[in-house]
Each structure stands twice: as C-alpha cells, then as structure tokens.
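The file input-v8.csv contains CSV, C-alpha atoms and all ligand atoms:
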chain,number,residue,atom,x,y,z
A,3,MET,CA,-15.3,-8.4,3.2
A,4,ASN,CA,-12.7,-8.1,0.4
A,5,TYR,CA,-9.2,-7.2,1.6
A,6,TYR,CA,-6.6,-5.4,-0.4
A,7,PHE,CA,-3.0,-4.9,0.6
A,8,ALA,CA,-2.1,-1.2,0.2
A,9,PRO,CA,0.8,-0.3,-2.0
A,10,MET,CA,3.8,0.9,0.1
A,11,GLU,CA,6.8,2.1,-1.7
A,12,GLY,CA,10.0,0.4,-0.5
A,13,LEU,CA,8.1,-2.1,1.6
A,14,THR,CA,5.5,-4.1,-0.3
A,15,GLY,CA,7.5,-5.1,-3.3
A,16,TYR,CA,7.4,-8.6,-4.8
A,17,ILE,CA,9.7,-10.2,-2.1
A,18,TYR,CA,7.4,-9.1,0.7
A,19,ARG,CA,4.3,-9.8,-1.4
A,20,ASN,CA,5.3,-13.4,-2.2
A,21,ALA,CA,6.2,-14.1,1.4
A,22,HIS,CA,2.8,-12.7,2.6
A,23,LYS,CA,0.9,-14.7,0.0
A,24,ALA,CA,2.8,-17.9,1.0
A,25,PHE,CA,2.3,-17.5,4.8
A,26,PHE,CA,-1.1,-15.9,5.0
A,27,ASN,CA,-2.9,-16.3,1.7
A,28,ASN,CA,-5.9,-14.1,2.5
A,29,ILE,CA,-5.5,-11.0,0.4
A,30,ASP,CA,-7.9,-10.5,-2.6
A,31,LYS,CA,-5.7,-8.0,-4.4
A,32,TYR,CA,-2.2,-6.7,-3.8
A,33,PHE,CA,-1.4,-3.3,-5.3
A,34,SER,CA,2.1,-2.5,-6.5
A,35,PRO,CA,4.0,0.5,-5.2
A,36,PHE,CA,3.7,3.2,-7.9
A,37,ILE,CA,5.5,3.1,-11.2
A,38,VAL,CA,6.2,6.5,-12.6
A,39,ALA,CA,4.8,6.5,-16.1
A,40,ASN,CA,7.0,7.8,-19.0
A,41,GLN,CA,7.4,7.4,-22.7
A,42,SER,CA,10.4,5.1,-22.6
A,43,GLU,CA,10.1,1.7,-24.3
A,44,SER,CA,11.1,-0.3,-21.3
A,45,PHE,CA,10.5,-0.2,-17.5
A,46,LYS,CA,13.3,0.5,-15.1
A,47,THR,CA,14.7,-2.9,-13.9
A,48,LYS,CA,13.3,-2.5,-10.4
A,49,GLU,CA,9.9,-1.6,-11.6
A,50,LEU,CA,9.8,-4.4,-14.2
A,51,ASN,CA,11.0,-7.0,-11.6
A,52,ASP,CA,8.2,-6.0,-9.3
A,53,VAL,CA,5.5,-6.6,-11.9
A,54,LEU,CA,6.9,-9.5,-13.9
A,55,PRO,CA,4.4,-12.3,-13.9
A,56,GLU,CA,7.1,-14.9,-12.9
A,57,ASN,CA,7.7,-12.8,-9.8
A,58,ASN,CA,4.0,-12.8,-8.9
A,59,LYS,CA,2.8,-16.3,-9.5
A,60,GLY,CA,-0.6,-17.0,-8.0
A,61,ILE,CA,-1.0,-13.4,-6.8
A,62,VAL,CA,-3.7,-11.0,-7.9
A,63,LEU,CA,-1.6,-7.9,-8.5
A,64,ILE,CA,-2.8,-4.5,-9.6
A,65,PRO,CA,0.0,-2.4,-10.9
A,66,GLN,CA,-0.2,1.3,-9.9
A,67,ILE,CA,0.8,4.2,-12.1
A,68,LEU,CA,1.8,7.7,-10.9
A,69,THR,CA,1.5,10.4,-13.6
A,70,ASN,CA,-0.5,13.4,-14.7
A,71,ASN,CA,0.3,12.9,-18.4
A,72,ALA,CA,-2.4,10.9,-20.3
A,73,LYS,CA,0.0,9.8,-23.1
A,74,ASP,CA,2.4,8.4,-20.5
A,75,PHE,CA,-0.4,6.6,-18.7
A,76,ILE,CA,-1.6,5.1,-21.9
A,77,HIS,CA,1.8,4.1,-23.1
A,78,THR,CA,2.6,2.5,-19.7
A,79,SER,CA,-0.8,0.8,-19.6
A,80,LYS,CA,0.0,-0.9,-23.0
A,81,LYS,CA,3.3,-2.2,-21.6
A,82,LEU,CA,1.5,-3.6,-18.5
A,83,LYS,CA,-1.2,-5.1,-20.6
A,84,LEU,CA,1.4,-6.9,-22.6
A,85,LEU,CA,2.6,-8.4,-19.3
A,86,GLY,CA,-1.0,-9.7,-18.8
A,87,TYR,CA,-2.5,-7.0,-16.5
A,88,ASN,CA,-6.2,-6.1,-17.0
A,89,GLU,CA,-6.5,-3.5,-14.3
A,90,ILE,CA,-4.3,-0.6,-13.5
A,91,ASN,CA,-4.6,1.7,-10.5
A,92,LEU,CA,-4.0,5.4,-10.8
A,93,ASN,CA,-2.3,7.1,-7.8
A,94,LEU,CA,-4.0,10.3,-6.8
A,95,GLY,CA,-3.0,10.1,-3.2
A,96,CYS,CA,0.8,10.4,-2.8
A,97,PRO,CA,1.4,13.3,-0.5
A,98,SER,CA,5.2,13.6,-0.9
A,99,GLY,CA,6.5,17.1,-1.6
A,100,THR,CA,8.5,16.1,-4.7
A,101,VAL,CA,5.5,14.3,-6.2
A,102,VAL,CA,3.0,17.0,-5.3
A,103,SER,CA,5.2,19.9,-6.6
A,104,LYS,CA,4.9,18.2,-10.1
A,105,ASN,CA,1.1,18.1,-9.7
A,106,ARG,CA,1.1,14.4,-9.5
A,107,GLY,CA,-0.4,12.1,-6.8
A,108,SER,CA,-2.5,14.2,-4.4
A,109,GLY,CA,-1.1,17.3,-6.1
A,110,PHE,CA,-3.2,16.4,-9.2
A,111,LEU,CA,-6.4,16.8,-7.1
A,112,ALA,CA,-5.9,20.6,-7.1
A,113,LYS,CA,-5.8,20.7,-10.9
A,114,ARG,CA,-9.4,19.7,-11.5
A,115,GLU,CA,-9.8,20.8,-15.1
A,116,GLU,CA,-6.6,19.0,-16.1
A,117,LEU,CA,-7.6,16.0,-14.1
A,118,ASP,CA,-10.9,15.8,-15.9
A,119,MET,CA,-9.2,16.0,-19.3
A,120,PHE,CA,-6.6,13.4,-18.3
A,121,LEU,CA,-9.3,11.0,-17.2
A,122,ASP,CA,-11.3,11.6,-20.3
A,123,GLU,CA,-8.3,10.7,-22.4
A,124,ILE,CA,-7.3,7.6,-20.5
A,125,PHE,CA,-10.8,6.2,-20.2
A,126,SER,CA,-11.4,6.8,-23.9
A,127,GLU,CA,-8.5,4.6,-24.8
A,128,SER,CA,-9.7,1.9,-22.4
A,129,ILE,CA,-6.5,-0.2,-22.5
A,130,THR,CA,-7.4,-1.9,-19.2
A,131,LYS,CA,-9.9,-1.4,-16.4
A,132,ILE,CA,-8.8,1.5,-14.3
A,133,SER,CA,-9.2,1.9,-10.6
A,134,ILE,CA,-8.3,5.1,-8.7
A,135,LYS,CA,-6.7,5.5,-5.2
A,136,THR,CA,-7.4,9.0,-4.0
A,137,ARG,CA,-7.3,11.4,-1.1
A,138,LEU,CA,-10.2,13.8,-0.4
A,139,GLY,CA,-8.3,16.7,-1.8
A,140,LYS,CA,-5.1,18.6,-1.6
A,141,ASP,CA,-5.7,21.5,0.8
A,142,ARG,CA,-9.3,21.0,2.1
A,143,CYS,CA,-11.5,17.9,2.6
A,144,GLU,CA,-14.4,19.7,0.9
A,145,GLU,CA,-12.6,19.6,-2.4
A,146,PHE,CA,-13.9,16.1,-2.5
A,147,TYR,CA,-17.4,17.3,-3.5
A,148,ASP,CA,-16.0,18.7,-6.7
A,149,LEU,CA,-13.8,15.7,-7.3
A,150,ILE,CA,-16.6,13.2,-7.0
A,151,GLN,CA,-18.5,15.0,-9.8
A,152,ILE,CA,-15.4,14.4,-12.0
A,153,PHE,CA,-14.9,10.8,-10.9
A,154,ASN,CA,-18.6,10.1,-11.5
A,155,LYS,CA,-18.2,10.8,-15.2
A,156,TYR,CA,-16.0,7.8,-15.7
A,157,PRO,CA,-16.5,4.0,-15.3
A,158,ILE,CA,-13.9,3.6,-12.5
A,159,GLU,CA,-13.5,0.0,-11.6
A,160,GLU,CA,-13.1,1.0,-8.0
A,161,LEU,CA,-12.6,4.3,-6.1
A,162,ILE,CA,-10.3,3.6,-3.2
A,163,ILE,CA,-10.6,6.5,-0.8
A,164,HIS,CA,-8.0,7.4,1.9
A,165,PRO,CA,-10.0,10.2,3.6
A,166,ARG,CA,-7.2,12.5,4.4
A,167,ILE,CA,-5.9,15.5,2.4
A,168,GLN,CA,-2.3,16.0,1.1
A,169,LYS,CA,-1.5,18.3,4.0
A,170,ASP,CA,-2.3,15.6,6.5
A,171,PHE,CA,0.3,13.2,5.2
A,172,TYR,CA,-0.5,10.4,7.6
A,173,LYS,CA,-1.3,12.6,10.6
A,174,ASN,CA,-4.7,13.6,12.0
A,175,LYS,CA,-7.7,11.3,11.7
A,176,PRO,CA,-9.4,10.1,8.5
A,177,ASN,CA,-12.5,12.2,7.7
A,178,LEU,CA,-15.2,9.7,8.1
A,179,LYS,CA,-18.0,12.2,7.7
A,180,ILE,CA,-16.9,13.0,4.1
A,181,PHE,CA,-16.2,9.3,3.5
A,182,LYS,CA,-19.9,8.7,4.4
A,183,ASP,CA,-21.0,11.2,1.9
A,184,ALA,CA,-18.7,9.6,-0.7
A,185,LEU,CA,-20.6,6.3,-0.3
A,186,THR,CA,-23.8,8.0,-1.3
A,187,LEU,CA,-22.4,10.3,-3.9
A,188,SER,CA,-20.1,7.9,-5.8
A,189,LYS,CA,-21.6,6.1,-8.8
A,190,ASN,CA,-18.6,3.8,-8.8
A,191,PRO,CA,-17.8,1.1,-6.2
A,192,VAL,CA,-16.0,2.5,-3.2
A,193,CYS,CA,-13.2,0.9,-1.2
A,194,TYR,CA,-12.1,2.3,2.2
A,195,ASN,CA,-8.5,2.8,3.2
A,196,GLY,CA,-7.0,4.3,6.4
A,197,ASP,CA,-6.0,3.5,9.9
A,198,ILE,CA,-7.4,0.0,10.3
A,199,VAL,CA,-4.6,-1.4,12.5
A,200,THR,CA,-6.4,-3.7,15.0
A,201,VAL,CA,-9.4,-6.0,15.1
A,202,LYS,CA,-11.1,-3.3,17.2
A,203,ASP,CA,-10.6,-0.7,14.5
A,204,TYR,CA,-12.1,-3.1,12.0
A,205,LYS,CA,-15.1,-3.8,14.1
A,206,GLU,CA,-15.8,-0.1,14.8
A,207,PHE,CA,-15.4,0.7,11.1
A,208,CYS,CA,-17.9,-2.1,10.2
A,209,ASN,CA,-20.3,-0.9,12.8
A,210,ASP,CA,-20.4,2.6,11.2
A,211,PHE,CA,-20.1,1.5,7.6
A,212,ASN,CA,-21.9,-1.8,7.2
A,213,SER,CA,-22.4,-1.3,3.4
A,214,VAL,CA,-18.6,-1.2,2.7
A,215,GLU,CA,-17.5,-4.4,1.1
A,216,THR,CA,-13.9,-3.7,0.4
A,217,LEU,CA,-11.1,-2.6,2.7
A,218,MET,CA,-7.5,-1.7,1.8
A,219,ILE,CA,-5.0,-2.0,4.6
A,220,GLY,CA,-1.4,-0.9,4.7
A,221,ARG,CA,0.4,-0.2,7.9
A,222,GLY,CA,-1.9,-2.5,9.9
A,223,LEU,CA,-0.8,-5.4,7.8
A,224,LEU,CA,2.8,-4.5,7.9
A,225,ALA,CA,2.6,-4.4,11.7
A,226,ASN,CA,0.6,-7.6,11.9
A,227,PRO,CA,0.8,-9.6,8.7
A,228,GLY,CA,-1.8,-11.9,10.2
A,229,LEU,CA,-4.4,-9.2,10.9
A,230,ILE,CA,-6.9,-10.6,8.5
A,231,SER,CA,-6.7,-14.1,10.0
A,232,ASP,CA,-7.4,-12.4,13.3
A,233,ILE,CA,-10.3,-10.4,11.9
A,234,GLU,CA,-11.9,-13.3,10.1
A,235,ASN,CA,-11.1,-16.3,12.3
A,236,ASN,CA,-9.9,-14.9,15.6
A,237,THR,CA,-6.5,-16.5,14.8
A,238,LYS,CA,-3.8,-14.7,16.8
A,239,LEU,CA,-0.5,-14.3,15.2
A,240,GLU,CA,2.0,-16.9,16.5
A,241,LYS,CA,5.6,-15.9,17.1
A,242,LYS,CA,6.9,-18.9,15.2
A,243,LEU,CA,4.8,-18.0,12.1
A,244,LEU,CA,6.1,-14.4,12.3
A,245,LYS,CA,9.7,-15.6,12.6
A,246,ASP,CA,9.3,-17.9,9.6
A,247,PHE,CA,7.7,-15.1,7.6
A,248,HIS,CA,10.5,-12.7,8.6
A,249,ASP,CA,13.2,-15.3,7.7
A,250,LYS,CA,11.7,-15.9,4.3
A,251,ILE,CA,11.7,-12.1,3.5
A,252,TYR,CA,15.2,-11.8,4.9
A,253,GLU,CA,16.6,-14.7,2.9
A,254,ASP,CA,15.0,-13.6,-0.3
A,255,TYR,CA,16.4,-10.0,0.1
A,256,LYS,CA,19.8,-11.5,0.7
A,257,GLU,CA,19.5,-13.2,-2.7
A,258,ILE,CA,18.5,-10.2,-4.7
A,259,LEU,CA,20.2,-7.3,-3.0
A,260,PHE,CA,23.9,-6.5,-3.2
A,261,GLY,CA,25.6,-6.0,0.2
A,262,ASP,CA,24.6,-6.2,3.8
A,263,ARG,CA,23.7,-2.5,4.0
A,264,ASN,CA,21.0,-2.8,1.4
A,265,VAL,CA,19.5,-5.9,3.0
A,266,LEU,CA,19.6,-4.3,6.5
A,267,PHE,CA,18.0,-1.1,5.2
A,268,LYS,CA,15.0,-3.1,3.9
A,269,MET,CA,14.7,-5.1,7.1
A,270,LYS,CA,14.9,-2.1,9.3
A,271,GLU,CA,12.1,-0.4,7.4
A,272,LEU,CA,10.0,-3.4,8.0
A,273,TRP,CA,10.8,-3.5,11.7
A,274,PHE,CA,9.7,0.1,12.0
A,275,TYR,CA,6.1,-1.2,11.5
A,276,MET,CA,6.4,-4.7,13.1
A,277,MET,CA,8.3,-3.8,16.3
A,278,PRO,CA,5.3,-2.3,18.2
A,279,MET,CA,3.7,-5.8,18.1
A,280,PHE,CA,6.3,-7.0,20.7
A,281,SER,CA,6.3,-6.5,24.4
A,282,ASP,CA,9.1,-4.4,26.0
A,283,ASN,CA,10.6,-3.8,22.6
A,284,ALA,CA,12.7,-0.6,23.0
A,285,LYS,CA,16.1,-2.3,23.6
A,286,TYR,CA,15.7,-4.7,20.7
A,287,ALA,CA,14.4,-1.9,18.4
A,288,LYS,CA,17.6,0.1,19.1
A,289,LYS,CA,19.8,-2.9,18.5
A,290,ILE,CA,18.2,-3.7,15.2
A,291,ARG,CA,18.4,0.0,14.2
A,292,LYS,CA,22.0,0.2,15.1
A,293,SER,CA,23.1,-3.1,13.5
A,294,GLU,CA,25.5,-2.6,10.6
A,295,ARG,CA,26.4,-6.2,9.9
A,296,LEU,CA,24.1,-9.1,9.3
A,297,HIS,CA,25.6,-10.9,12.3
A,298,ASP,CA,24.5,-8.1,14.7
A,299,TYR,CA,21.1,-8.0,13.1
A,300,ASP,CA,20.7,-11.8,13.5
A,301,GLU,CA,21.5,-11.6,17.1
A,302,ALA,CA,19.1,-8.8,17.8
A,303,VAL,CA,16.3,-10.5,16.0
A,304,LEU,CA,16.9,-13.8,17.7
A,305,SER,CA,16.9,-12.3,21.1
A,306,LEU,CA,13.7,-10.4,20.4
A,307,PHE,CA,11.9,-13.5,19.4
A,308,ARG,CA,13.4,-15.5,22.2
A,309,GLU,CA,12.8,-13.1,25.0
A,310,GLN,CA,9.7,-11.1,24.1
A,311,ASP,CA,6.1,-11.9,23.2
A,312,ILE,CA,3.6,-10.7,20.7
A,313,LEU,CA,1.2,-8.3,22.5
A,314,GLU,CA,-2.5,-9.2,22.5
A,315,ASN,CA,-3.7,-6.0,20.9
A,401,LIG,C1,6.1,4.3,3.5
A,401,LIG,C2,4.8,4.4,2.7
A,401,LIG,C3,4.8,4.2,1.3
A,401,LIG,C4,3.6,4.3,0.6
A,401,LIG,N1,3.7,4.1,-0.8
A,401,LIG,C5,2.5,4.2,-1.5
A,401,LIG,C6,2.5,4.0,-2.9
A,401,LIG,O1,3.5,3.6,-3.6
A,401,LIG,N2,1.3,4.1,-3.6
A,401,LIG,C7,0.1,4.5,-2.9
A,401,LIG,O2,-0.9,4.7,-3.5
A,401,LIG,N3,0.1,4.7,-1.6
A,401,LIG,C8,1.3,4.6,-0.9
A,401,LIG,N4,1.2,4.8,0.5
A,401,LIG,C9,-0.1,5.0,1.1
A,401,LIG,C10,-0.7,3.6,1.6
A,401,LIG,O3,-1.0,2.8,0.4
A,401,LIG,C11,-2.0,3.9,2.4
A,401,LIG,O4,-2.9,4.6,1.6
A,401,LIG,C12,-1.7,4.6,3.7
A,401,LIG,O5,-0.7,4.0,4.4
A,401,LIG,C13,-3.0,4.6,4.5
A,401,LIG,O6,-3.5,3.3,4.8
A,401,LIG,P1,-3.2,2.6,6.2
A,401,LIG,O7,-3.6,3.5,7.3
A,401,LIG,O8,-3.9,1.3,6.1
A,401,LIG,O9,-1.7,2.4,6.3
A,401,LIG,C14,2.4,4.7,1.2
A,401,LIG,C15,2.4,4.9,2.6
A,401,LIG,C16,3.6,4.8,3.3
A,401,LIG,C17,3.5,5.0,4.8

Once more with this new file: its structure as structure tokens, please.
Amino acid sequence: MNYYFAPMEGLTGYIYRNAHKAFFNNIDKYFSPFIVANQSESFKTKELNDVLPENNKGIVLIPQILTNNAKDFIHTSKKLKLLGYNEINLNLGCPSGTVVSKNRGSGFLAKREELDMFLDEIFSESITKISIKTRLGKDRCEEFYDLIQIFNKYPIEELIIHPRIQKDFYKNKPNLKIFKDALTLSKNPVCYNGDIVTVKDYKEFCNDFNSVETLMIGRGLLANPGLISDIENNTKLEKKLLKDFHDKIYEDYKEILFGDRNVLFKMKELWFYMMPMFSDNAKYAKKIRKSERLHDYDEAVLSLFREQDILEN
C-alpha cells in the first residue's frame, strides 16, 4: 500500500510535516494545504515558506492549488515548477462556504462545463503532472457519474476521491458504493481518502477494496501519527515517542511564531485530534483548551503524559 498524508489547512504545514517525517518516516507523499492561485508574481510568505525546498528536505511534497481560473493555475504552476515541483494537486474538495460560494473547491464540481474548459486549458499547458483531489459532487453523489466522464478526458496523474459531497462537510459516511463504481469507471489511477482512523478501518477497507493501492489519510494520522506503523508492522504508538514528537512540533512553532497565543492556538488545534487517543482525557483536554500561557499548557501536557495512557484502539 502507498500512504499519503492528506493536506489539512492550519495543521499539516511544514513544521508538522518535518516532525512527522523525522519521527515516523513512512509516508510516500505529503500534500500541502491549499495555496490560493493568483496572478501575483510572488507567493504570500506563509505559502512560500510551506513549499520552500529548504523547509521540506527529504520529503516528497505535492503542492496543492485552489482555483477555478486556468490562467491563475498555470501561472502558479510555473512558480512551483521553478521551486522544483513536478506534480501539482488541484483541490476540488474543499467544502467551506467561503470557497464554495466562489465556485472553487467542491463548488467547482457543480459547474461542469467550466470545469471541463478549465481542465482542458491546464492539461494543454502541461507545466507539471496534475493530480486531482475531489469529492463525489456538490449536492448529490450521483453527480460523480457526469464528473468521471470529464476527468476521463485528461491524463490525471492520480484521482484522489473523498467519497462525500460538499453538503456533507465531514459528516455522514463516505459513499463506498459510488467509490466502487469509480474504480471501474476511472481511466486514471484512483486513490481513496476518508475515515480511515484505526487499523480496523484499514482492514475492513482492504477487505472490500483489495485492488486499491493508494490511501490518503488525514484525521486518522493527526490523531495517531504512528497509525501506519501500526497498520504495517503492528507497532503500537509509544507514549514517549508521541511526547518527543509533540515536543519537536511545539519547539519549532515557538521558533517561528510570534507570541504565546499563536503557538498555543496551533497546539490546541492539534490536541483536538490527538486527545481522544488518551484514556480519561476530559480534564486534561479542558486544561489545555483553557491555557493562555505556555506555562499552563506545559503543566497540562506533562500531567496528561504522566497520568494517562494511550488507548489500545
Ligand atoms: C481542518 C481541516 C483542514 C483541511 N484542509 C484541506 C486542504 O487544505 N486541502 C484539501 O484538499 N483538503 C483539506 N481537508 C480535507 C482532508 O484533506 C481530507 O480529505 C479529509 O479530512 C477526509 O480524510 P480523513 O477522513 O482521512 O481525515 C481538510 C480537512 C480538515 C478537517
């Protein structure tokens, strides 16, 4: 199996990515959180830092672009190519209201004629290889049957399917029936993404879909950054390893972010996903959430690691 780390805006930037690579080293491709494409000559500092080669040494990183404007996609692709990237991922999945209202992300899925013209233009330029991360549709899963006919017209490096629609956000269940159809209908290689959080989820998925060779995982890896070691080698995540991993991310954020509040904001976002890994975690979760100074945060994290254990499943 090939494993991809899903892009997650605000969470899986280069600080997190480097720590994950250093401590776990089992991801075939990391995807950057989306860069909004535009005509400007330079990237925003935050976007540039995230994709700078010196900030991603030894990591296979696929930058992701969010846009519905072919010229902007092409322009941004050229800038990314100059940085050394040979594959770019197009975001057709983002469900957020502000993105969808501009017909971007999963909002673009409802504008099929425009999408077809957009793809025609960006594939004609062929600046880099292009992969696509998509949902099944905007309002109905069945939209996928029209979409796949469009996707099949282009040599997509990989079609990464998160089988939900925009309206689902991250609720409801992935539609595995339509994903199964996607496997037979797609002329391009397909990667599955969605709700693989435990080894059991992985095994059940593989049982149903033994032809799938590539999985993208997001929240499951944020919760348990050692999930793939568990899947592949039955190696359970050790508390000490998770603490060292946490400390590395924390120290690196302290170096690049200005002020305790910004550092704590980042760490709290991460704990939202990691906390359920711990036994009896409610009191510690609250302490971490409420901490306003690094000192309070340090105490809460230390007591969590000292007093609680990582749950088996
Ligand atoms: C907080 C958050 C931020 C995300 N940011 C992005 C993003 O920048 N680009 C993208 O394609 N998907 C983004 N996603 C979607 C994930 O990449 C992934 O498709 C989704 O979480 C489902 O996979 P999972 O069940 O393995 O988490 C985001 C999801 C969440 C919850």

Enumerate as an MDAnalysis selection string the residues within 8 Å of ligand LIG 401 (chain A), counting all atoms listed in the file.
chainID A and resid 7:13 34:37 66 92:96 135:136 164 172 195:199 218:223

When you count only C-alpha atoms, which of these residues is closest to A:Ala284: A:Tyr156, A:Leu306, A:Ile150, A:Val265?
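Distance minimum relative to A:Ala284 lands on A:Leu306.
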
Interatomic distance, atom CA of A:Ala21 to atom CA of A:His248 (Å, one decimal)
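Between atom CA of A:Ala21 and atom CA of A:His248 the gap is 8.5 Å.
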
Pick from A:Asp74, A:Asp148, A:Glu159, A:Asp122, whichever lies nearest to A:Ile134 using only C-alpha atoms:
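Among A:Asp74, A:Asp148, A:Glu159, A:Asp122, it is A:Glu159 that comes nearest to A:Ile134.
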
What lies within 9 Å of A:Leu185 using only C-alpha atoms, ignoring chain neighbours under 5 positions off, as a ChimeraX atom specification?
/A:180,191-192,213-214

Selection: 12 Å around A:Lys205, only C-alpha atoms, excl. self and same-chain fewer than 5 positions, as a PyMOL selection string:
chain A and resi 3+198-200+210-212+232-234

Output file for the selection above: C-alpha atoms, as a PDB file, in the coordinates of the input:
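Contents of selection36.pdb, as written:
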ATOM      1  CA  MET A   3     -15.300  -8.400   3.200  1.00  0.00           C
ATOM      2  CA  ILE A 198      -7.400   0.000  10.300  1.00  0.00           C
ATOM      3  CA  VAL A 199      -4.600  -1.400  12.500  1.00  0.00           C
ATOM      4  CA  THR A 200      -6.400  -3.700  15.000  1.00  0.00           C
ATOM      5  CA  ASP A 210     -20.400   2.600  11.200  1.00  0.00           C
ATOM      6  CA  PHE A 211     -20.100   1.500   7.600  1.00  0.00           C
ATOM      7  CA  ASN A 212     -21.900  -1.800   7.200  1.00  0.00           C
ATOM      8  CA  ASP A 232      -7.400 -12.400  13.300  1.00  0.00           C
ATOM      9  CA  ILE A 233     -10.300 -10.400  11.900  1.00  0.00           C
ATOM     10  CA  GLU A 234     -11.900 -13.300  10.100  1.00  0.00           C
TER      11      GLU A 234
END

Please, what distance in Å, to one decimal, runs between atom CA of A:Asp183 and atom CA of A:Pro65?
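Straight-line distance from atom CA of A:Asp183 to atom CA of A:Pro65 works out to 28.1 Å.
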
At what distance in Å, to one decimal, does atom CA of A:Phe267 lie from atom CA of A:Asn91?
27.7 Å

Pick from A:Leu111, A:Ile167, A:Ile124, A:Ile132: nearest to A:Leu149, with all atoms listed in the file counted?
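Using all atoms listed in the file, the shortest distance to A:Leu149 belongs to A:Leu111.
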
For A:Met277, the nearest of the candidates A:Leu224, A:His297, A:Gly107, A:Lys242, counting only C-alpha atoms
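Among A:Leu224, A:His297, A:Gly107, A:Lys242, it is A:Leu224 that comes nearest to A:Met277.
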
Using only C-alpha atoms, find the one residue out of A:Ile158, A:Asn51, A:Ser79, A:Glu144 that sits nearest to A:Asn177.
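Ranked by minimum distance to A:Asn177, first place goes to A:Glu144.
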
Using only C-alpha atoms and a cutoff of 10 Å, can you tell me which residues are near (-3.2, 16.5, -7.3) in the file's coordinates, and write them out as a list in words?
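The residues near that point, listed by chain and number, are Thr69, Asn70, Asn93, Leu94, Gly95, Cys96, Pro97, Val101, Val102, Ser103, Lys104, Asn105, Arg106, Gly107, Ser108, Gly109, Phe110, Leu111, Ala112, Lys113, Arg114, Glu116, Leu117, Thr136, Arg137, Gly139, Lys140, Asp141 and Gln168 of chain A.
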
Which is closest to A:His77 among A:Ala302, A:Ala39, A:Ala225, A:Met119, if we use all atoms listed in the file?
A:Ala39

Using only C-alpha atoms, what residues lie at most 12 Å away from (-5.4, -16.0, 22.2) (file coordinates), given as a PyMOL selection string?
chain A and resi 232+235-240+312-315

Kindly add all heavy atoms to the incomplete stretch 24-30 of chain A and provide the output as a short mmCIF file (atom, residue, chain, number, x, y, z; two decimals), in the coordinates of the input.
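And here's out35.cif as it stands now:
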data_model
loop_
_atom_site.label_atom_id
_atom_site.label_comp_id
_atom_site.auth_asym_id
_atom_site.auth_seq_id
_atom_site.Cartn_x
_atom_site.Cartn_y
_atom_site.Cartn_z
N ALA A 24 2.47 -16.54 0.61
CA ALA A 24 2.80 -17.90 1.00
C ALA A 24 2.42 -18.21 2.44
O ALA A 24 1.95 -19.30 2.75
CB ALA A 24 4.31 -18.13 0.81
N PHE A 25 2.56 -17.25 3.33
CA PHE A 25 2.30 -17.50 4.80
C PHE A 25 0.91 -17.20 5.21
O PHE A 25 0.44 -17.76 6.19
CB PHE A 25 3.32 -16.73 5.62
CG PHE A 25 4.69 -17.35 5.66
CD1 PHE A 25 5.59 -17.16 4.62
CD2 PHE A 25 5.06 -18.18 6.71
CE1 PHE A 25 6.84 -17.76 4.63
CE2 PHE A 25 6.31 -18.79 6.74
CZ PHE A 25 7.20 -18.58 5.69
N PHE A 26 0.23 -16.29 4.52
CA PHE A 26 -1.10 -15.90 5.00
C PHE A 26 -2.23 -16.12 4.03
O PHE A 26 -3.34 -16.44 4.46
CB PHE A 26 -1.04 -14.41 5.49
CG PHE A 26 -0.08 -14.23 6.64
CD1 PHE A 26 1.22 -13.80 6.42
CD2 PHE A 26 -0.46 -14.56 7.93
CE1 PHE A 26 2.12 -13.67 7.47
CE2 PHE A 26 0.43 -14.45 8.99
CZ PHE A 26 1.72 -14.00 8.76
N ASN A 27 -1.98 -15.93 2.76
CA ASN A 27 -2.90 -16.30 1.70
C ASN A 27 -4.38 -15.86 1.97
O ASN A 27 -5.32 -16.66 1.89
CB ASN A 27 -2.90 -17.87 1.60
CG ASN A 27 -3.52 -18.32 0.29
OD1 ASN A 27 -3.56 -17.57 -0.69
ND2 ASN A 27 -4.04 -19.53 0.26
N ASN A 28 -4.54 -14.58 2.32
CA ASN A 28 -5.90 -14.10 2.50
C ASN A 28 -6.17 -12.70 1.98
O ASN A 28 -7.06 -12.00 2.44
CB ASN A 28 -6.23 -14.14 4.05
CG ASN A 28 -5.14 -13.46 4.87
OD1 ASN A 28 -4.37 -12.68 4.35
ND2 ASN A 28 -5.08 -13.77 6.15
N ILE A 29 -5.38 -12.35 0.96
CA ILE A 29 -5.50 -11.00 0.40
C ILE A 29 -6.19 -11.19 -1.03
O ILE A 29 -5.74 -12.00 -1.83
CB ILE A 29 -4.16 -10.33 0.20
CG1 ILE A 29 -3.52 -10.09 1.57
CG2 ILE A 29 -4.27 -9.02 -0.60
CD1 ILE A 29 -4.23 -9.08 2.45
N ASP A 30 -7.24 -10.40 -1.28
CA ASP A 30 -7.90 -10.50 -2.60
C ASP A 30 -7.11 -9.81 -3.68
O ASP A 30 -7.06 -10.30 -4.80
CB ASP A 30 -9.32 -9.91 -2.48
CG ASP A 30 -10.16 -10.74 -1.52
OD1 ASP A 30 -10.57 -11.84 -1.90
OD2 ASP A 30 -10.37 -10.31 -0.36
#
